[in-house]
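The next block is input_27.pdb, given as PDB, C-alpha atoms.
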```pdb
MODEL        1
ATOM      1  CA  MET G   1       9.398 -14.764  18.617
ATOM      2  CA  VAL G   2       9.708 -11.350  16.980
ATOM      3  CA  ALA G   3       6.061 -10.708  17.831
ATOM      4  CA  LEU G   4       6.636 -11.650  21.481
ATOM      5  CA  THR G   5       9.575  -9.277  21.658
ATOM      6  CA  ILE G   6       7.445  -6.512  20.160
ATOM      7  CA  VAL G   7       4.806  -7.039  22.836
ATOM      8  CA  ARG G   8       7.341  -6.971  25.648
ATOM      9  CA  LEU G   9       9.469  -4.028  24.526
ATOM     10  CA  ARG G  10       8.701  -0.533  25.681
ATOM     11  CA  ASN G  11      11.184   1.277  23.451
ATOM     12  CA  ILE G  12       9.097   2.279  20.459
ATOM     13  CA  PHE G  13      12.054   2.754  18.126
ATOM     14  CA  ALA G  14      12.982  -0.900  18.564
ATOM     15  CA  VAL G  15       9.345  -1.893  18.146
ATOM     16  CA  VAL G  16       9.093  -0.068  14.817
ATOM     17  CA  MET G  17      12.259  -1.709  13.561
ATOM     18  CA  LEU G  18      11.110  -5.149  14.724
ATOM     19  CA  SER G  19       7.758  -4.666  12.982
ATOM     20  CA  GLY G  20       9.708  -4.075   9.796
ATOM     21  CA  ILE G  21      11.632  -7.283  10.357
ATOM     22  CA  TYR G  22       8.378  -9.085  11.096
ATOM     23  CA  SER G  23       6.951  -7.836   7.799
ATOM     24  CA  PHE G  24       9.989  -9.101   5.945
ATOM     25  CA  LEU G  25       9.625 -12.489   7.613
ATOM     26  CA  MET G  26       5.961 -12.600   6.608
ATOM     27  CA  ALA G  27       6.923 -11.637   3.065
ATOM     28  CA  THR G  28       9.357 -14.543   2.998
ATOM     29  CA  THR G  29       6.594 -16.839   4.211
ATOM     30  CA  PHE G  30       4.284 -15.658   1.433
ATOM     31  CA  LEU G  31       7.098 -16.210  -1.038
ATOM     32  CA  VAL G  32       7.510 -19.767   0.192
ATOM     33  CA  LEU G  33       3.749 -20.229  -0.270
ATOM     34  CA  ASP G  34       4.113 -19.050  -3.904
ATOM     35  CA  ALA G  35       2.071 -15.915  -3.305
ATOM     36  CA  VAL G  36       4.526 -13.569  -4.973
ATOM     37  CA  ASP G  37       2.108 -10.664  -5.381
ATOM     38  CA  VAL G  38       1.210 -10.690  -1.698
ATOM     39  CA  ALA G  39       4.856 -11.020  -0.685
ATOM     40  CA  PHE G  40       5.721  -8.021  -2.815
ATOM     41  CA  THR G  41       2.985  -5.935  -1.225
ATOM     42  CA  GLU G  42       3.972  -7.011   2.272
ATOM     43  CA  ALA G  43       7.623  -6.135   1.704
ATOM     44  CA  ALA G  44       6.825  -2.756   0.151
ATOM     45  CA  VAL G  45       3.986  -1.622   2.398
ATOM     46  CA  GLY G  46       4.642  -3.456   5.647
ATOM     47  CA  ALA G  47       8.398  -3.235   5.793
ATOM     48  CA  GLY G  48       8.935  -0.051   3.814
ATOM     49  CA  ILE G  49       6.252   2.571   4.168
ATOM     50  CA  THR G  50       4.872   1.496   7.547
ATOM     51  CA  THR G  51       8.315   1.638   9.130
ATOM     52  CA  VAL G  52       8.904   5.151   7.844
ATOM     53  CA  LEU G  53       5.468   6.291   8.979
ATOM     54  CA  GLY G  54       6.032   4.685  12.373
ATOM     55  CA  LEU G  55       9.310   6.545  12.749
ATOM     56  CA  ALA G  56       7.652   9.791  11.655
ATOM     57  CA  ALA G  57       4.885   9.313  14.191
ATOM     58  CA  MET G  58       7.478   8.499  16.839
ATOM     59  CA  ALA G  59       9.369  11.683  16.061
ATOM     60  CA  LEU G  60       6.161  13.621  16.727
ATOM     61  CA  THR G  61       5.351  11.944  20.018
ATOM     62  CA  THR G  62       7.748  10.061  22.246
ATOM     63  CA  ASP G  63       9.899   6.977  22.002
ATOM     64  CA  ARG G  64       8.911   5.435  25.335
ATOM     65  CA  GLU G  65       5.684   3.618  25.906
ATOM     66  CA  LYS G  66       3.828   4.454  29.101
ATOM     67  CA  ILE G  67       3.752   1.769  31.759
ATOM     68  CA  PRO G  68       0.156   0.515  31.798
ATOM     69  CA  THR G  69      -1.650   1.051  35.075
ATOM     70  CA  HIS G  70      -3.632  -2.182  35.078
ATOM     71  CA  TRP G  71      -3.183  -5.720  33.857
ATOM     72  CA  PRO G  72      -5.052  -6.114  30.527
ATOM     73  CA  THR G  73      -7.339  -8.979  31.590
ATOM     74  CA  LEU G  74     -10.204  -8.541  29.147
ATOM     75  CA  PRO G  75      -8.130  -8.044  25.961
ATOM     76  CA  LEU G  76      -5.937 -10.978  26.939
ATOM     77  CA  ALA G  77      -8.990 -13.190  27.473
ATOM     78  CA  VAL G  78     -10.452 -12.185  24.080
ATOM     79  CA  VAL G  79      -7.165 -12.937  22.333
ATOM     80  CA  VAL G  80      -6.718 -16.299  24.044
ATOM     81  CA  VAL G  81     -10.299 -17.413  23.357
ATOM     82  CA  THR G  82     -10.140 -16.340  19.705
ATOM     83  CA  GLY G  83      -6.824 -18.094  19.267
ATOM     84  CA  ALA G  84      -8.201 -21.260  20.875
ATOM     85  CA  ILE G  85     -11.228 -21.234  18.544
ATOM     86  CA  LEU G  86      -9.000 -20.771  15.506
ATOM     87  CA  LEU G  87      -6.728 -23.601  16.602
ATOM     88  CA  TYR G  88      -9.792 -25.782  17.216
ATOM     89  CA  ALA G  89     -10.892 -25.113  13.633
ATOM     90  CA  VAL G  90      -7.537 -25.946  12.084
ATOM     91  CA  PRO G  91      -7.938 -29.774  11.941
ATOM     92  CA  ASP G  92     -11.225 -29.354  10.034
ATOM     93  CA  MET G  93      -9.517 -27.462   7.240
ATOM     94  CA  PRO G  94      -8.637 -29.353   4.082
ATOM     95  CA  ARG G  95      -5.044 -30.471   3.815
ATOM     96  CA  PHE G  96      -2.726 -27.753   2.546
ATOM     97  CA  GLY G  97      -2.693 -27.691  -1.242
ATOM     98  CA  ALA G  98      -5.289 -30.443  -1.586
ATOM     99  CA  ALA G  99      -6.856 -30.251  -5.038
ATOM    100  CA  ASP G 100     -10.338 -31.174  -3.824
ATOM    101  CA  SER G 101     -10.625 -28.470  -1.166
ATOM    102  CA  PRO G 102     -13.620 -26.141  -1.627
ATOM    103  CA  ILE G 103     -11.491 -23.144  -2.496
ATOM    104  CA  HIS G 104     -10.070 -24.951  -5.509
ATOM    105  CA  ARG G 105     -13.411 -26.193  -6.800
ATOM    106  CA  HIS G 106     -15.604 -23.105  -6.618
ATOM    107  CA  VAL G 107     -14.661 -20.378  -9.116
ATOM    108  CA  VAL G 108     -10.929 -20.924  -9.350
ATOM    109  CA  PRO G 109     -11.031 -23.456 -12.216
ATOM    110  CA  ARG G 110     -13.052 -20.991 -14.251
ATOM    111  CA  TYR G 111     -10.579 -18.197 -13.595
ATOM    112  CA  ILE G 112      -7.624 -20.368 -14.519
ATOM    113  CA  ASP G 113      -9.409 -21.716 -17.548
ATOM    114  CA  GLU G 114     -10.757 -18.440 -18.871
ATOM    115  CA  THR G 115      -8.023 -15.947 -18.117
ATOM    116  CA  PRO G 116      -5.736 -16.768 -21.056
ATOM    117  CA  ARG G 117      -8.612 -16.840 -23.532
ATOM    118  CA  ALA G 118     -10.915 -14.064 -22.340
ATOM    119  CA  ILE G 119      -8.457 -11.580 -20.904
ATOM    120  CA  GLY G 120      -5.208 -12.519 -22.529
ATOM    121  CA  ILE G 121      -2.774 -11.789 -19.722
ATOM    122  CA  PRO G 122      -0.547 -14.353 -18.069
ATOM    123  CA  ASN G 123      -0.833 -13.131 -14.466
ATOM    124  CA  ILE G 124      -4.061 -14.622 -13.140
ATOM    125  CA  VAL G 125      -3.750 -12.708  -9.880
ATOM    126  CA  THR G 126      -3.961  -9.455 -11.791
ATOM    127  CA  SER G 127      -6.895 -10.653 -13.865
ATOM    128  CA  VAL G 128      -8.848 -11.677 -10.771
ATOM    129  CA  LEU G 129      -7.942  -8.483  -8.962
ATOM    130  CA  ALA G 130      -8.650  -6.026 -11.721
ATOM    131  CA  ASP G 131     -11.267  -7.791 -13.782
ATOM    132  CA  TYR G 132     -13.327 -10.480 -12.068
ATOM    133  CA  ARG G 133     -13.175  -8.632  -8.770
ATOM    134  CA  GLY G 134     -13.120  -5.153 -10.262
ATOM    135  CA  TYR G 135     -15.678  -3.816  -7.810
ATOM    136  CA  ASP G 136     -13.644  -5.003  -4.842
ATOM    137  CA  THR G 137     -10.558  -3.267  -6.093
ATOM    138  CA  LEU G 138     -12.536  -0.105  -6.786
ATOM    139  CA  GLY G 139     -13.686  -0.268  -3.190
ATOM    140  CA  GLU G 140     -10.124  -0.732  -1.967
ATOM    141  CA  VAL G 141      -8.910   2.260  -3.920
ATOM    142  CA  THR G 142     -11.789   4.256  -2.475
ATOM    143  CA  VAL G 143     -10.705   3.209   1.012
ATOM    144  CA  ILE G 144      -7.156   4.396   0.313
ATOM    145  CA  PHE G 145      -8.537   7.618  -1.142
ATOM    146  CA  THR G 146     -10.621   8.153   1.965
ATOM    147  CA  ALA G 147      -7.614   7.467   4.184
ATOM    148  CA  GLY G 148      -5.582  10.039   2.290
ATOM    149  CA  VAL G 149      -8.328  12.639   2.511
ATOM    150  CA  GLY G 150      -8.764  11.932   6.202
ATOM    151  CA  VAL G 151      -5.070  12.384   6.940
ATOM    152  CA  LEU G 152      -5.045  15.576   4.878
ATOM    153  CA  LEU G 153      -7.988  16.975   6.795
ATOM    154  CA  LEU G 154      -6.620  15.996  10.197
ATOM    155  CA  LEU G 155      -2.922  16.715   9.819
ATOM    156  CA  GLY G 156      -2.291  18.345   6.471
ATOM    157  CA  ARG G 157      -3.378  21.891   7.144
ATOM    158  CA  THR G 158      -0.688  24.249   8.220
ATOM    159  CA  ARG G 159      -2.583  26.155  10.852
ATOM    160  CA  ARG G 160      -2.615  29.837  10.158
ATOM    161  CA  ARG G 161      -2.281  32.200  13.006
ATOM    162  CA  PRO G 162      -4.975  34.848  13.270
ATOM    163  CA  LYS G 163      -3.933  38.054  11.578
ATOM    164  CA  GLY G 164      -2.206  40.619  13.671
ATOM    165  CA  SER G 165      -0.877  38.179  16.272
ATOM    166  CA  THR G 166       2.810  38.471  16.948
ATOM    167  CA  LYS G 167       5.175  35.559  16.935
TER     168      LYS G 167
ATOM    169  CA  MET T   1      20.223  15.443   7.179
ATOM    170  CA  LYS T   2      21.713  17.864   4.689
ATOM    171  CA  GLU T   3      25.283  17.466   5.897
ATOM    172  CA  HIS T   4      25.547  13.780   5.053
ATOM    173  CA  LEU T   5      27.310  13.920   1.710
ATOM    174  CA  ILE T   6      27.405  10.169   1.113
ATOM    175  CA  LEU T   7      23.713   9.740   1.866
ATOM    176  CA  ARG T   8      22.817  12.567  -0.475
ATOM    177  CA  VAL T   9      24.887  11.303  -3.368
ATOM    178  CA  ILE T  10      23.814   7.692  -2.996
ATOM    179  CA  SER T  11      20.126   8.490  -2.685
ATOM    180  CA  LYS T  12      20.345  10.815  -5.674
ATOM    181  CA  GLU T  13      21.773   7.922  -7.648
ATOM    182  CA  LEU T  14      19.220   5.510  -6.275
ATOM    183  CA  ILE T  15      15.979   7.446  -6.707
ATOM    184  CA  PRO T  16      15.774   7.254 -10.528
ATOM    185  CA  PHE T  17      16.198   3.497 -10.364
ATOM    186  CA  VAL T  18      13.550   3.150  -7.678
ATOM    187  CA  MET T  19      11.133   5.123  -9.840
ATOM    188  CA  LEU T  20      12.055   3.145 -12.921
ATOM    189  CA  PHE T  21      11.434  -0.076 -11.031
ATOM    190  CA  ALA T  22       8.066   1.266  -9.902
ATOM    191  CA  LEU T  23       7.097   1.982 -13.496
ATOM    192  CA  TYR T  24       8.257  -1.489 -14.495
ATOM    193  CA  VAL T  25       6.137  -3.041 -11.760
ATOM    194  CA  GLN T  26       3.215  -0.879 -12.859
ATOM    195  CA  MET T  27       3.382  -1.756 -16.534
ATOM    196  CA  HIS T  28       4.477  -5.338 -16.086
ATOM    197  CA  GLY T  29       1.749  -6.192 -13.588
ATOM    198  CA  ASP T  30      -0.130  -8.117 -16.273
ATOM    199  CA  TYR T  31       2.771 -10.471 -16.857
ATOM    200  CA  GLY T  32       4.617 -10.823 -13.600
ATOM    201  CA  PRO T  33       4.030 -10.119  -9.934
ATOM    202  CA  GLY T  34       3.056  -6.573  -9.242
ATOM    203  CA  GLY T  35       0.445  -4.079 -10.207
ATOM    204  CA  GLY T  36      -0.892  -0.727  -9.212
ATOM    205  CA  PHE T  37      -0.719  -1.125  -5.431
ATOM    206  CA  GLN T  38       2.870  -2.268  -5.325
ATOM    207  CA  ALA T  39       4.018   0.183  -7.974
ATOM    208  CA  GLY T  40       2.340   3.060  -6.188
ATOM    209  CA  VAL T  41       4.033   2.195  -2.925
ATOM    210  CA  VAL T  42       7.456   1.815  -4.537
ATOM    211  CA  PHE T  43       7.000   5.085  -6.399
ATOM    212  CA  ALA T  44       6.018   6.829  -3.183
ATOM    213  CA  ALA T  45       9.032   5.284  -1.450
ATOM    214  CA  ALA T  46      11.271   7.198  -3.853
ATOM    215  CA  PHE T  47       9.627  10.447  -2.771
ATOM    216  CA  VAL T  48       9.816   9.468   0.889
ATOM    217  CA  LEU T  49      13.542   8.789   0.530
ATOM    218  CA  TYR T  50      13.968  12.143  -1.155
ATOM    219  CA  GLY T  51      12.054  13.854   1.619
ATOM    220  CA  LEU T  52      14.066  12.089   4.331
ATOM    221  CA  VAL T  53      17.430  13.001   2.850
ATOM    222  CA  PHE T  54      16.838  16.439   1.367
ATOM    223  CA  GLY T  55      14.267  17.738   3.794
ATOM    224  CA  LEU T  56      10.560  18.326   3.608
ATOM    225  CA  LYS T  57      10.810  21.777   2.064
ATOM    226  CA  THR T  58      12.620  20.422  -0.977
ATOM    227  CA  LEU T  59      10.095  17.609  -1.225
ATOM    228  CA  ARG T  60       7.260  20.137  -1.165
ATOM    229  CA  LYS T  61       8.887  21.891  -4.113
ATOM    230  CA  VAL T  62       9.127  18.638  -6.069
ATOM    231  CA  ALA T  63       5.689  17.374  -5.069
ATOM    232  CA  PRO T  64       3.510  20.330  -4.066
ATOM    233  CA  VAL T  65       0.676  19.446  -1.728
ATOM    234  CA  ALA T  66      -1.936  20.749  -4.151
ATOM    235  CA  VAL T  67      -0.666  18.614  -7.032
ATOM    236  CA  VAL T  68      -0.392  15.453  -4.947
ATOM    237  CA  GLY T  69      -3.840  16.076  -3.512
ATOM    238  CA  ALA T  70      -5.245  16.403  -7.016
ATOM    239  CA  LEU T  71      -3.515  13.154  -8.027
ATOM    240  CA  VAL T  72      -5.190  11.354  -5.115
ATOM    241  CA  ALA T  73      -8.549  12.116  -6.670
ATOM    242  CA  LEU T  74      -7.361  11.679 -10.252
ATOM    243  CA  GLY T  75      -6.407   8.039  -9.764
ATOM    244  CA  LEU T  76      -9.797   7.140  -8.338
ATOM    245  CA  LEU T  77     -11.481   9.096 -11.114
ATOM    246  CA  ILE T  78      -9.517   7.144 -13.732
ATOM    247  CA  TYR T  79     -10.680   3.889 -12.159
ATOM    248  CA  ALA T  80     -14.304   4.916 -11.862
ATOM    249  CA  GLY T  81     -14.173   6.612 -15.255
ATOM    250  CA  THR T  82     -13.074   3.374 -16.868
ATOM    251  CA  GLY T  83     -16.209   1.820 -15.480
ATOM    252  CA  VAL T  84     -18.318   4.621 -16.887
ATOM    253  CA  ALA T  85     -16.552   4.328 -20.250
ATOM    254  CA  GLY T  86     -17.530   0.672 -20.386
ATOM    255  CA  LEU T  87     -21.074   1.742 -19.546
ATOM    256  CA  LEU T  88     -21.153   4.323 -22.331
ATOM    257  CA  LEU T  89     -19.780   1.897 -24.876
ATOM    258  CA  GLY T  90     -22.638  -0.487 -24.275
ATOM    259  CA  GLY T  91     -21.451  -2.781 -21.514
ATOM    260  CA  THR T  92     -22.089  -2.939 -17.802
ATOM    261  CA  TYR T  93     -20.206  -0.924 -15.223
ATOM    262  CA  LEU T  94     -16.528  -1.943 -15.087
ATOM    263  CA  GLU T  95     -16.958  -4.305 -18.014
ATOM    264  CA  TYR T  96     -13.827  -3.982 -20.128
ATOM    265  CA  GLY T  97     -14.923  -5.956 -23.163
ATOM    266  CA  PRO T  98     -16.452  -3.067 -25.098
ATOM    267  CA  LEU T  99     -13.365  -0.853 -24.685
ATOM    268  CA  ALA T 100     -11.783  -2.240 -27.854
ATOM    269  CA  HIS T 101     -12.980  -4.044 -30.947
ATOM    270  CA  ASP T 102     -11.629  -7.293 -29.648
ATOM    271  CA  PRO T 103     -13.014  -8.051 -26.167
ATOM    272  CA  VAL T 104      -9.724  -9.680 -25.170
ATOM    273  CA  HIS T 105      -7.867  -6.468 -25.994
ATOM    274  CA  GLY T 106     -10.565  -4.523 -24.223
ATOM    275  CA  HIS T 107      -9.937  -6.490 -21.057
ATOM    276  CA  HIS T 108      -6.225  -5.921 -21.426
ATOM    277  CA  TYR T 109      -6.613  -2.157 -21.870
ATOM    278  CA  GLY T 110      -9.134  -1.936 -19.093
ATOM    279  CA  ILE T 111      -6.840  -3.680 -16.638
ATOM    280  CA  MET T 112      -3.912  -1.498 -17.652
ATOM    281  CA  VAL T 113      -5.891   1.717 -17.239
ATOM    282  CA  ILE T 114      -7.405   0.853 -13.894
ATOM    283  CA  GLU T 115      -4.033  -0.351 -12.597
ATOM    284  CA  LEU T 116      -2.685   3.033 -13.578
ATOM    285  CA  GLY T 117      -5.471   4.656 -11.600
ATOM    286  CA  VAL T 118      -4.705   2.448  -8.603
ATOM    287  CA  GLY T 119      -1.015   3.275  -8.852
ATOM    288  CA  ILE T 120      -1.595   7.027  -9.032
ATOM    289  CA  THR T 121      -3.932   7.069  -6.068
ATOM    290  CA  VAL T 122      -1.763   4.817  -3.895
ATOM    291  CA  ALA T 123       1.421   6.773  -4.630
ATOM    292  CA  ALA T 124      -0.258  10.120  -4.058
ATOM    293  CA  VAL T 125      -1.894   9.009  -0.809
ATOM    294  CA  MET T 126       1.384   7.621   0.536
ATOM    295  CA  ILE T 127       3.217  10.842  -0.317
ATOM    296  CA  THR T 128       0.415  12.869   1.245
ATOM    297  CA  ILE T 129       0.487  10.860   4.457
ATOM    298  CA  PHE T 130       4.251  11.141   4.693
ATOM    299  CA  GLN T 131       4.168  14.895   4.078
ATOM    300  CA  SER T 132       1.453  15.380   6.656
ATOM    301  CA  PHE T 133       3.218  13.294   9.289
ATOM    302  CA  ALA T 134       6.599  14.829   8.728
ATOM    303  CA  GLY T 135       5.134  18.298   8.414
ATOM    304  CA  ARG T 136       3.653  18.202  11.913
ATOM    305  CA  GLY T 137       7.023  18.395  13.586
ATOM    306  CA  GLU T 138       8.038  21.557  11.781
ATOM    307  CA  PRO T 139       7.432  24.993  13.160
ATOM    308  CA  GLU T 140       4.306  26.505  11.679
ATOM    309  CA  GLN T 141       4.625  28.757   8.717
ATOM    310  CA  ASP T 142       2.188  31.092   7.075
TER     311      ASP T 142
ENDMDL
END
```
Take the structure in the file and write it out as C-alpha cells.
Amino acid sequence: MVALTIVRLRNIFAVVMLSGIYSFLMATTFLVLDAVDVAFTEAAVGAGITTVLGLAAMALTTDREKIPTHWPTLPLAVVVVTGAILLYAVPDMPRFGAADSPIHRHVVPRYIDETPRAIGIPNIVTSVLADYRGYDTLGEVTVIFTAGVGVLLLLGRTRRRPKGSTK
Amino acid sequence: MKEHLILRVISKELIPFVMLFALYVQMHGDYGPGGGFQAGVVFAAAFVLYGLVFGLKTLRKVAPVAVVGALVALGLLIYAGTGVAGLLLGGTYLEYGPLAHDPVHGHHYGIMVIELGVGITVAAVMITIFQSFAGRGEPEQD
C-alpha cells in the first residue's frame, strides 16, 4: 500500500518520507524472517541515509514531479509481464523453510559445520560474507568506492571562476 | 538551522553515542548482527546529523574533503592489502589462514581487518556523497 501511494503521489517530499517508511517496513519483514544483518542494513541505509540524500537532492531540484505527457504503456507492460512470470514461478519454489530445499543442501551445511571450527566466530553471516565470499565483498567495496569517486568527480568540485572575473 | 537551540544541544549529546554504537557494531560484527557496512553507515549518519544541524561549513572543518577522500581509498586498500598480505605469507589471495600461527586466529584477524576496511570506505563514501549533495546548493566559493 505504501508503494502504491509512492507511485501515485507527485509531492516528492512525501515520497521521500514514504520511502523511508517503506524501508522500515521491509526491515521489520527481514527481522521477522530472522535475517537480522539484512534488517540492520535496510534500516540504516534504506531508511536513514537514503532519506537524507533524497531530501538533499530535493533541496537542489524541486519538490513537485512533472506531470508525464504520455501514458507509460511499455514500462507498465514490462512490469506486469515480469510480475506475472515471477508469480507463475512461486508454486515451484520449495516450501518456506523446508530443510530439503536446494539452498539448504548445497554449501550451507558446510558453512554451518565449519565456521565454528575453522574460523572461530559465532556469526556465520559474517564468516560467509568476509571469508568464504571474500572476493564478492571486495567487489562490493570496490563498487562503493567507485560510486564515491564518481560522485566526487561529478558534484564534489567547487567550480572555480576564471581569474579576473568579477562577482 | 543554527538558531534551533534544542536541536543543537540534543544532537551534540546524541552524536557521541551514535559513533560509539557504530564502533560497537564494527567490532562486534563477528559475534552479533552487524559488520563493516552497517557500522560505516551508522558512523556516517553521525556526521550527516552534525552537518544537518551545524551547517556544512562546520562539517567541512571536522571532516575535510581531502581527508575523507583519502579514507575512501584507504579502506579499499586495507581490504585489498589484506589479500596481498595473505599472498606474501604463503597463502592464496584473500586467504586469512596464514595471517597468524593458528589458522583459526588468522581467519579471525583477517575478518576483523577487512571489516575495518569495509567500514572505513563505506563511512567515507557516505560522508563524501552527503557533502557533495549538500554542497551543490551553496553559493560557490573560491
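For Tyr50 of chain T, the non-local neighbours within 10 Å, defined as residues at least 4 positions apart in the same chain or in other chains and counting all atoms listed in the file, are T:Arg8, T:Ser11, T:Lys12, T:Leu14, T:Ile15, T:Ala44, T:Ala45, T:Ala46, T:Phe54, T:Gly55, T:Leu56, T:Thr58, T:Leu59, T:Val62.
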Write out the residues from the selection above, keeping C-alpha atoms, as a PDB file, in the coordinates of the input.
```
ATOM      1  CA  ARG T   8      22.817  12.567  -0.475  1.00  0.00           C
ATOM      2  CA  SER T  11      20.126   8.490  -2.685  1.00  0.00           C
ATOM      3  CA  LYS T  12      20.345  10.815  -5.674  1.00  0.00           C
ATOM      4  CA  LEU T  14      19.220   5.510  -6.275  1.00  0.00           C
ATOM      5  CA  ILE T  15      15.979   7.446  -6.707  1.00  0.00           C
ATOM      6  CA  ALA T  44       6.018   6.829  -3.183  1.00  0.00           C
ATOM      7  CA  ALA T  45       9.032   5.284  -1.450  1.00  0.00           C
ATOM      8  CA  ALA T  46      11.271   7.198  -3.853  1.00  0.00           C
ATOM      9  CA  PHE T  54      16.838  16.439   1.367  1.00  0.00           C
ATOM     10  CA  GLY T  55      14.267  17.738   3.794  1.00  0.00           C
ATOM     11  CA  LEU T  56      10.560  18.326   3.608  1.00  0.00           C
ATOM     12  CA  THR T  58      12.620  20.422  -0.977  1.00  0.00           C
ATOM     13  CA  LEU T  59      10.095  17.609  -1.225  1.00  0.00           C
ATOM     14  CA  VAL T  62       9.127  18.638  -6.069  1.00  0.00           C
TER      15      VAL T  62
END
```
Selection result for the PyMOL selection byres ((chain G and resi 129) around 12) on this file, as a PyMOL selection string: (chain G and resi 37-38+111+115+123-128+130-141) or (chain T and resi 29-30+34-37+111-112+114-115+118)
Selection in question (the file shown): the PyMOL selection byres ((chain T and resi 93) around 10). Which residues does it include, as a PDB file with C-alpha atoms, in the frame of the given file?
```pdb
ATOM      1  CA  GLY G 134     -13.120  -5.153 -10.262  1.00  0.00           C
ATOM      2  CA  TYR G 135     -15.678  -3.816  -7.810  1.00  0.00           C
TER       3      TYR G 135
ATOM      4  CA  ALA T  80     -14.304   4.916 -11.862  1.00  0.00           C
ATOM      5  CA  GLY T  81     -14.173   6.612 -15.255  1.00  0.00           C
ATOM      6  CA  THR T  82     -13.074   3.374 -16.868  1.00  0.00           C
ATOM      7  CA  GLY T  83     -16.209   1.820 -15.480  1.00  0.00           C
ATOM      8  CA  VAL T  84     -18.318   4.621 -16.887  1.00  0.00           C
ATOM      9  CA  ALA T  85     -16.552   4.328 -20.250  1.00  0.00           C
ATOM     10  CA  GLY T  86     -17.530   0.672 -20.386  1.00  0.00           C
ATOM     11  CA  LEU T  87     -21.074   1.742 -19.546  1.00  0.00           C
ATOM     12  CA  LEU T  88     -21.153   4.323 -22.331  1.00  0.00           C
ATOM     13  CA  GLY T  90     -22.638  -0.487 -24.275  1.00  0.00           C
ATOM     14  CA  GLY T  91     -21.451  -2.781 -21.514  1.00  0.00           C
ATOM     15  CA  THR T  92     -22.089  -2.939 -17.802  1.00  0.00           C
ATOM     16  CA  LEU T  94     -16.528  -1.943 -15.087  1.00  0.00           C
ATOM     17  CA  GLU T  95     -16.958  -4.305 -18.014  1.00  0.00           C
ATOM     18  CA  TYR T  96     -13.827  -3.982 -20.128  1.00  0.00           C
TER      19      TYR T  96
END
```
Starting from the displayed file, determine the output of the ChimeraX specification (/G :<9) & /T and express the residue list as a ChimeraX atom specification. /T:29-35,37-38,41-42,44-45,48,65,69,72-73,75-76,79-80,94-97,103-108,110-112,114-115,117-118,121-122,124-126,128-137,140-142
For the atom pair atom CA of Ile12 of chain G and atom CA of Ile127 of chain T, what is the interatomic distance in Å to one decimal place? 23.2 Å
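For the pair atom CA of Val18 of chain T and atom CA of Ala123 of chain T, the interatomic distance is 13.0 Å.
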Could you tell me how far atom CA of Val25 of chain T sits from atom CA of Ile10 of chain T, in Å to one decimal place? 22.5 Å
